[in-house]
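Visitor: File structure.pdb follows (PDB, C-alpha atoms, pLDDT in the B column):
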ATOM      1  CA  MET S   1      -2.110 -64.345 -52.525  1.00 83.00           C
ATOM      2  CA  ASN S   2      -4.993 -66.616 -53.414  1.00 90.00           C
ATOM      3  CA  ALA S   3      -8.657 -65.719 -53.037  1.00 90.00           C
ATOM      4  CA  LYS S   4      -9.187 -68.080 -50.092  1.00 93.00           C
ATOM      5  CA  LYS S   5      -6.452 -66.441 -47.992  1.00 95.00           C
ATOM      6  CA  ILE S   6      -7.732 -62.982 -48.922  1.00 95.00           C
ATOM      7  CA  ASN S   7     -11.227 -63.999 -47.839  1.00 95.00           C
ATOM      8  CA  ILE S   8     -10.036 -65.409 -44.513  1.00 96.00           C
ATOM      9  CA  ILE S   9      -7.967 -62.321 -43.698  1.00 97.00           C
ATOM     10  CA  TYR S  10     -10.843 -60.055 -44.711  1.00 97.00           C
ATOM     11  CA  TRP S  11     -13.398 -61.813 -42.513  1.00 97.00           C
ATOM     12  CA  VAL S  12     -11.132 -62.131 -39.473  1.00 98.00           C
ATOM     13  CA  VAL S  13     -10.116 -58.465 -39.511  1.00 98.00           C
ATOM     14  CA  THR S  14     -13.562 -57.209 -40.487  1.00 98.00           C
ATOM     15  CA  GLY S  15     -15.204 -59.411 -37.855  1.00 98.00           C
ATOM     16  CA  LEU S  16     -12.920 -58.051 -35.140  1.00 98.00           C
ATOM     17  CA  PHE S  17     -13.573 -54.490 -36.236  1.00 98.00           C
ATOM     18  CA  LEU S  18     -17.347 -54.936 -36.414  1.00 98.00           C
ATOM     19  CA  VAL S  19     -17.454 -56.614 -32.992  1.00 98.00           C
ATOM     20  CA  LEU S  20     -15.473 -53.686 -31.578  1.00 97.00           C
ATOM     21  CA  ILE S  21     -17.867 -51.171 -33.147  1.00 97.00           C
ATOM     22  CA  THR S  22     -20.964 -53.124 -32.091  1.00 98.00           C
ATOM     23  CA  LEU S  23     -19.752 -53.397 -28.504  1.00 97.00           C
ATOM     24  CA  GLY S  24     -19.474 -49.599 -28.453  1.00 95.00           C
ATOM     25  CA  ALA S  25     -22.705 -48.973 -30.354  1.00 98.00           C
ATOM     26  CA  ILE S  26     -25.095 -50.935 -28.162  1.00 98.00           C
ATOM     27  CA  PRO S  27     -24.457 -48.941 -24.948  1.00 98.00           C
ATOM     28  CA  ASP S  28     -24.736 -45.729 -26.983  1.00 98.00           C
ATOM     29  CA  LEU S  29     -28.017 -46.851 -28.550  1.00 97.00           C
ATOM     30  CA  LEU S  30     -29.444 -47.832 -25.167  1.00 98.00           C
ATOM     31  CA  SER S  31     -28.119 -44.671 -23.470  1.00 97.00           C
ATOM     32  CA  VAL S  32     -26.392 -46.717 -20.792  1.00 97.00           C
ATOM     33  CA  PRO S  33     -25.199 -44.440 -17.949  1.00 97.00           C
ATOM     34  CA  GLU S  34     -21.526 -45.232 -18.654  1.00 97.00           C
ATOM     35  CA  ALA S  35     -21.954 -44.273 -22.313  1.00 97.00           C
ATOM     36  CA  LEU S  36     -23.720 -41.057 -21.327  1.00 97.00           C
ATOM     37  CA  ALA S  37     -20.859 -40.273 -18.936  1.00 97.00           C
ATOM     38  CA  VAL S  38     -18.419 -40.540 -21.846  1.00 96.00           C
ATOM     39  CA  PHE S  39     -20.582 -38.219 -23.961  1.00 96.00           C
ATOM     40  CA  LYS S  40     -20.771 -35.753 -21.066  1.00 96.00           C
ATOM     41  CA  HIS S  41     -16.984 -35.914 -20.573  1.00 96.00           C
ATOM     42  CA  LEU S  42     -16.507 -35.153 -24.265  1.00 95.00           C
ATOM     43  CA  GLY S  43     -18.939 -32.241 -24.058  1.00 95.00           C
ATOM     44  CA  TYR S  44     -21.694 -33.784 -26.174  1.00 97.00           C
ATOM     45  CA  PRO S  45     -25.407 -33.765 -25.307  1.00 97.00           C
ATOM     46  CA  ALA S  46     -26.967 -37.025 -24.109  1.00 97.00           C
ATOM     47  CA  TYR S  47     -29.435 -37.090 -27.015  1.00 97.00           C
ATOM     48  CA  LEU S  48     -26.529 -37.701 -29.407  1.00 97.00           C
ATOM     49  CA  SER S  49     -25.757 -41.091 -27.819  1.00 97.00           C
ATOM     50  CA  PRO S  50     -28.628 -43.160 -29.292  1.00 98.00           C
ATOM     51  CA  PHE S  51     -28.161 -41.485 -32.679  1.00 98.00           C
ATOM     52  CA  MET S  52     -24.475 -42.446 -32.755  1.00 97.00           C
ATOM     53  CA  GLY S  53     -25.300 -45.985 -31.613  1.00 98.00           C
ATOM     54  CA  ALA S  54     -27.877 -46.396 -34.365  1.00 98.00           C
ATOM     55  CA  ALA S  55     -25.543 -44.919 -36.991  1.00 98.00           C
ATOM     56  CA  LYS S  56     -22.774 -47.337 -35.985  1.00 98.00           C
ATOM     57  CA  LEU S  57     -25.114 -50.329 -36.139  1.00 98.00           C
ATOM     58  CA  LEU S  58     -26.338 -49.258 -39.575  1.00 98.00           C
ATOM     59  CA  GLY S  59     -22.695 -49.041 -40.669  1.00 98.00           C
ATOM     60  CA  VAL S  60     -22.059 -52.560 -39.366  1.00 98.00           C
ATOM     61  CA  ILE S  61     -25.053 -53.816 -41.353  1.00 98.00           C
ATOM     62  CA  ALA S  62     -23.866 -51.964 -44.469  1.00 98.00           C
ATOM     63  CA  ILE S  63     -20.494 -53.674 -44.320  1.00 97.00           C
ATOM     64  CA  LEU S  64     -21.993 -57.122 -43.674  1.00 97.00           C
ATOM     65  CA  VAL S  65     -24.684 -57.056 -46.365  1.00 96.00           C
ATOM     66  CA  PRO S  66     -23.363 -58.169 -49.752  1.00 93.00           C
ATOM     67  CA  GLY S  67     -23.764 -55.834 -52.676  1.00 90.00           C
ATOM     68  CA  TYR S  68     -24.445 -52.115 -52.355  1.00 94.00           C
ATOM     69  CA  PRO S  69     -20.812 -51.099 -52.944  1.00 94.00           C
ATOM     70  CA  ARG S  70     -21.454 -47.376 -52.602  1.00 96.00           C
ATOM     71  CA  VAL S  71     -23.206 -47.792 -49.241  1.00 97.00           C
ATOM     72  CA  LYS S  72     -20.324 -49.977 -48.058  1.00 97.00           C
ATOM     73  CA  GLU S  73     -17.816 -47.252 -49.046  1.00 97.00           C
ATOM     74  CA  TRP S  74     -19.858 -44.682 -47.121  1.00 98.00           C
ATOM     75  CA  ALA S  75     -19.914 -46.974 -44.081  1.00 98.00           C
ATOM     76  CA  TYR S  76     -16.129 -47.319 -44.162  1.00 98.00           C
ATOM     77  CA  ALA S  77     -15.793 -43.528 -44.477  1.00 98.00           C
ATOM     78  CA  GLY S  78     -18.259 -42.999 -41.626  1.00 98.00           C
ATOM     79  CA  PHE S  79     -16.258 -45.265 -39.348  1.00 98.00           C
ATOM     80  CA  VAL S  80     -13.055 -43.387 -40.152  1.00 98.00           C
ATOM     81  CA  PHE S  81     -14.858 -40.122 -39.334  1.00 98.00           C
ATOM     82  CA  ASP S  82     -16.149 -41.670 -36.098  1.00 97.00           C
ATOM     83  CA  LEU S  83     -12.701 -42.845 -35.011  1.00 97.00           C
ATOM     84  CA  THR S  84     -11.115 -39.528 -35.967  1.00 97.00           C
ATOM     85  CA  GLY S  85     -13.818 -37.641 -34.091  1.00 96.00           C
ATOM     86  CA  ALA S  86     -13.308 -39.847 -31.041  1.00 96.00           C
ATOM     87  CA  ILE S  87      -9.585 -39.092 -30.959  1.00 97.00           C
ATOM     88  CA  TYR S  88     -10.093 -35.377 -31.573  1.00 97.00           C
ATOM     89  CA  SER S  89     -12.857 -35.149 -28.976  1.00 97.00           C
ATOM     90  CA  GLY S  90     -10.817 -37.006 -26.393  1.00 97.00           C
ATOM     91  CA  LEU S  91      -7.747 -34.841 -26.904  1.00 97.00           C
ATOM     92  CA  SER S  92      -9.872 -31.667 -26.908  1.00 97.00           C
ATOM     93  CA  SER S  93     -11.473 -32.751 -23.619  1.00 97.00           C
ATOM     94  CA  GLY S  94      -8.125 -33.069 -21.913  1.00 96.00           C
ATOM     95  CA  ASP S  95      -7.480 -36.780 -22.405  1.00 97.00           C
ATOM     96  CA  SER S  96      -3.849 -37.670 -23.024  1.00 97.00           C
ATOM     97  CA  LEU S  97      -2.603 -39.320 -26.193  1.00 96.00           C
ATOM     98  CA  LEU S  98      -2.091 -42.460 -24.133  1.00 96.00           C
ATOM     99  CA  GLN S  99      -5.776 -42.421 -23.100  1.00 96.00           C
ATOM    100  CA  VAL S 100      -7.009 -42.180 -26.704  1.00 96.00           C
ATOM    101  CA  SER S 101      -4.372 -44.528 -28.144  1.00 96.00           C
ATOM    102  CA  PRO S 102      -6.609 -47.661 -27.999  1.00 95.00           C
ATOM    103  CA  ILE S 103      -8.694 -46.032 -30.734  1.00 96.00           C
ATOM    104  CA  PHE S 104      -5.761 -46.587 -33.089  1.00 96.00           C
ATOM    105  CA  ILE S 105      -6.582 -50.316 -32.942  1.00 96.00           C
ATOM    106  CA  GLY S 106      -9.802 -49.407 -34.726  1.00 96.00           C
ATOM    107  CA  TYR S 107      -7.827 -47.560 -37.409  1.00 97.00           C
ATOM    108  CA  ILE S 108      -5.596 -50.576 -37.982  1.00 97.00           C
ATOM    109  CA  LEU S 109      -8.549 -52.947 -38.199  1.00 98.00           C
ATOM    110  CA  ILE S 110     -10.580 -50.752 -40.530  1.00 98.00           C
ATOM    111  CA  ALA S 111      -7.568 -50.119 -42.766  1.00 98.00           C
ATOM    112  CA  PHE S 112      -6.942 -53.856 -43.187  1.00 98.00           C
ATOM    113  CA  SER S 113     -10.658 -54.525 -43.638  1.00 98.00           C
ATOM    114  CA  TYR S 114     -10.901 -51.879 -46.352  1.00 98.00           C
ATOM    115  CA  ILE S 115      -7.730 -53.016 -48.125  1.00 97.00           C
ATOM    116  CA  TYR S 116      -8.808 -56.649 -48.098  1.00 97.00           C
ATOM    117  CA  HIS S 117     -12.340 -55.728 -49.145  1.00 97.00           C
ATOM    118  CA  HIS S 118     -10.870 -54.302 -52.347  1.00 96.00           C
ATOM    119  CA  LYS S 119      -8.487 -57.248 -52.741  1.00 96.00           C
ATOM    120  CA  ARG S 120     -11.538 -59.526 -52.575  1.00 94.00           C
ATOM    121  CA  ILE S 121     -13.245 -57.521 -55.293  1.00 93.00           C
ATOM    122  CA  ARG S 122     -10.145 -57.718 -57.519  1.00 93.00           C
ATOM    123  CA  ALA S 123      -9.805 -61.460 -56.866  1.00 90.00           C
ATOM    124  CA  GLN S 124     -13.458 -62.016 -57.776  1.00 87.00           C
ATOM    125  CA  LYS S 125     -13.068 -60.017 -60.997  1.00 86.00           C
ATOM    126  CA  ALA S 126      -9.896 -61.930 -61.864  1.00 84.00           C
ATOM    127  CA  LYS S 127     -11.696 -65.218 -61.236  1.00 77.00           C
ATOM    128  CA  LEU S 128     -14.580 -64.165 -63.502  1.00 76.00           C
ATOM    129  CA  SER S 129     -12.253 -63.061 -66.287  1.00 76.00           C
ATOM    130  CA  VAL S 130     -10.483 -66.455 -66.243  1.00 68.00           C
ATOM    131  CA  VAL S 131     -13.758 -68.382 -66.534  1.00 59.00           C
TER     132      VAL S 131
END
Take the structure in this file and express it as structure tokens.
Guide:
Amino acid sequence: MNAKKINIIYWVVTGLFLVLITLGAIPDLLSVPEALAVFKHLGYPAYLSPFMGAAKLLGVIAILVPGYPRVKEWAYAGFVFDLTGAIYSGLSSGDSLLQVSPIFIGYILIAFSYIYHHKRIRAQKAKLSVV
């Protein structure tokens, strides 16, 4: 696959994932009543909501900003922890697998984003070694 296709796939999948995360982070950051209701349902204190919102937005920024490969890896790991925690918390709070199943969309998107992030790196290195 050529570098242009890799780039397009990366940005489409990563863009979808980051929009999904951002749409969840903003209500958390602002402690919107609906977000606080979710935290309460999961058994978490309300003060955790703005922290989680800020952490998610920092992760979005880390993935978008070029360079800083280690920070980007940590952001990807943090999002996997967040998604895993969301599924575990939902199931532990009595939600059914069907109720938490939309979270798996996030797993699919982040997996493709991560895979294509590394394909982009390899394509860039290959391009540099040819020149």
Visitor: With only C-alpha atoms as the counted atoms, please give the residues lying no more than 12 Å from stretch 84-93 of chain S, apart from itself and same-chain residues fewer than 3 positions off, as number ranges by chain.
Guide: S: 24, 38-44, 52, 77-81, 96-107
Visitor: Report, in Å with one decimal, the straight-line distance from atom CA of S:Thr22 to atom CA of S:Ile8.
Guide: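 These two atoms are separated by 20.6 Å.
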Visitor: Which residues match the PyMOL selection byres ((chain S and resi 25) around 8) in the file above, as a PyMOL selection string?
Guide: chain S and resi 21-24+26-29+52-54+56-57
Visitor: Given the file shown, determine the residues that the PyMOL selection byres ((chain S and resi 15-18) around 8) selects; report them as JSON, numbers by chain.
Guide: {"S": [11, 12, 13, 14, 19, 20, 21, 22, 60, 106, 109, 110, 113]}
Visitor: Calculate, to one decimal in Å, the centre and edge lengths of the box along x, y and z of the file that holds all listed atoms of stretch 103-113 of chain S with 5 Å of margin on each side, and present them as JSON.
Guide:
{"center_x": -8.1, "center_y": -50.3, "center_z": -37.2, "size_x": 15.1, "size_y": 18.5, "size_z": 22.9}
Visitor: Please indicate the distance in Å from atom CA of S:Ala3 to atom CA of S:Gly59, rounded to one decimal place.
Guide: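 Atom CA of S:Gly59 lies 25.1 Å from atom CA of S:Ala3.
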Visitor: S:Ile115: which residues within 12 Å, counting all atoms listed in the file, same-chain residues fewer than 2 positions away excluded, as a ChimeraX atom specification?
Guide: /S:6-7,9-11,13-14,73,76,108-113,117-122
Visitor: Report, in Å with one decimal, the straight-line distance from atom CA of S:Asp95 to atom CA of S:Pro33.
Guide: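 Atom CA of S:Pro33 lies at a distance of 19.8 Å from atom CA of S:Asp95.
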Visitor: Counting all atoms listed in the file, what is within 7 Å of S:Ser31, bar same-chain residues fewer than 5 positions away, as number ranges by chain?
Guide: S: 36, 49-50
Visitor: Taking into account all atoms listed in the file, which residue in the set S:Gln124, S:Tyr47, S:Lys5, S:Val65 is nearest to S:Leu30?
Guide: S:Tyr47
Visitor: Please complete stretch 83-108 of chain S so it has N, CA and C atoms, and hand it over as a CSV table (one decimal), in the frame of the given file.
Guide:
chain,number,residue,atom,x,y,z
S,83,LEU,N,-13.9,-42.6,-35.7
S,83,LEU,CA,-12.7,-42.8,-35.0
S,83,LEU,C,-11.9,-41.6,-34.9
S,84,THR,N,-11.8,-40.8,-36.0
S,84,THR,CA,-11.1,-39.5,-36.0
S,84,THR,C,-11.8,-38.6,-35.0
S,85,GLY,N,-13.1,-38.5,-35.0
S,85,GLY,CA,-13.8,-37.6,-34.1
S,85,GLY,C,-13.6,-38.1,-32.6
S,86,ALA,N,-13.5,-39.4,-32.4
S,86,ALA,CA,-13.3,-39.8,-31.0
S,86,ALA,C,-11.9,-39.4,-30.5
S,87,ILE,N,-10.9,-39.5,-31.4
S,87,ILE,CA,-9.6,-39.1,-31.0
S,87,ILE,C,-9.6,-37.6,-30.7
S,88,TYR,N,-10.1,-36.8,-31.7
S,88,TYR,CA,-10.1,-35.4,-31.6
S,88,TYR,C,-10.9,-34.9,-30.3
S,89,SER,N,-12.0,-35.5,-30.1
S,89,SER,CA,-12.9,-35.1,-29.0
S,89,SER,C,-12.2,-35.5,-27.7
S,90,GLY,N,-11.5,-36.6,-27.6
S,90,GLY,CA,-10.8,-37.0,-26.4
S,90,GLY,C,-9.7,-36.1,-26.1
S,91,LEU,N,-8.9,-35.8,-27.1
S,91,LEU,CA,-7.7,-34.8,-26.9
S,91,LEU,C,-8.2,-33.4,-26.5
S,92,SER,N,-9.3,-33.0,-27.2
S,92,SER,CA,-9.9,-31.7,-26.9
S,92,SER,C,-10.5,-31.6,-25.5
S,93,SER,N,-10.9,-32.7,-25.0
S,93,SER,CA,-11.5,-32.8,-23.6
S,93,SER,C,-10.4,-32.9,-22.5
S,94,GLY,N,-9.2,-33.0,-22.9
S,94,GLY,CA,-8.1,-33.1,-21.9
S,94,GLY,C,-7.6,-34.5,-21.7
S,95,ASP,N,-8.1,-35.4,-22.5
S,95,ASP,CA,-7.5,-36.8,-22.4
S,95,ASP,C,-6.1,-36.8,-23.0
S,96,SER,N,-5.2,-37.6,-22.5
S,96,SER,CA,-3.8,-37.7,-23.0
S,96,SER,C,-3.8,-38.6,-24.3
S,97,LEU,N,-2.8,-38.5,-25.0
S,97,LEU,CA,-2.6,-39.3,-26.2
S,97,LEU,C,-2.6,-40.8,-25.8
S,98,LEU,N,-2.1,-41.1,-24.6
S,98,LEU,CA,-2.1,-42.5,-24.1
S,98,LEU,C,-3.5,-42.9,-23.9
S,99,GLN,N,-4.4,-42.0,-23.4
S,99,GLN,CA,-5.8,-42.4,-23.1
S,99,GLN,C,-6.6,-42.7,-24.4
S,100,VAL,N,-6.3,-42.0,-25.5
S,100,VAL,CA,-7.0,-42.2,-26.7
S,100,VAL,C,-6.3,-43.2,-27.6
S,101,SER,N,-5.1,-43.6,-27.3
S,101,SER,CA,-4.4,-44.5,-28.1
S,101,SER,C,-5.1,-45.9,-28.5
S,102,PRO,N,-5.9,-46.4,-27.6
S,102,PRO,CA,-6.6,-47.7,-28.0
S,102,PRO,C,-7.5,-47.5,-29.3
S,103,ILE,N,-7.9,-46.3,-29.5
S,103,ILE,CA,-8.7,-46.0,-30.7
S,103,ILE,C,-7.9,-46.4,-32.0
S,104,PHE,N,-6.6,-46.3,-31.9
S,104,PHE,CA,-5.8,-46.6,-33.1
S,104,PHE,C,-5.9,-48.0,-33.5
S,105,ILE,N,-6.3,-48.9,-32.6
S,105,ILE,CA,-6.6,-50.3,-32.9
S,105,ILE,C,-7.7,-50.4,-34.0
S,106,GLY,N,-8.7,-49.5,-33.8
S,106,GLY,CA,-9.8,-49.4,-34.7
S,106,GLY,C,-9.3,-49.0,-36.1
S,107,TYR,N,-8.4,-48.0,-36.1
S,107,TYR,CA,-7.8,-47.6,-37.4
S,107,TYR,C,-7.1,-48.7,-38.1
S,108,ILE,N,-6.3,-49.5,-37.4
S,108,ILE,CA,-5.6,-50.6,-38.0
S,108,ILE,C,-6.6,-51.6,-38.5
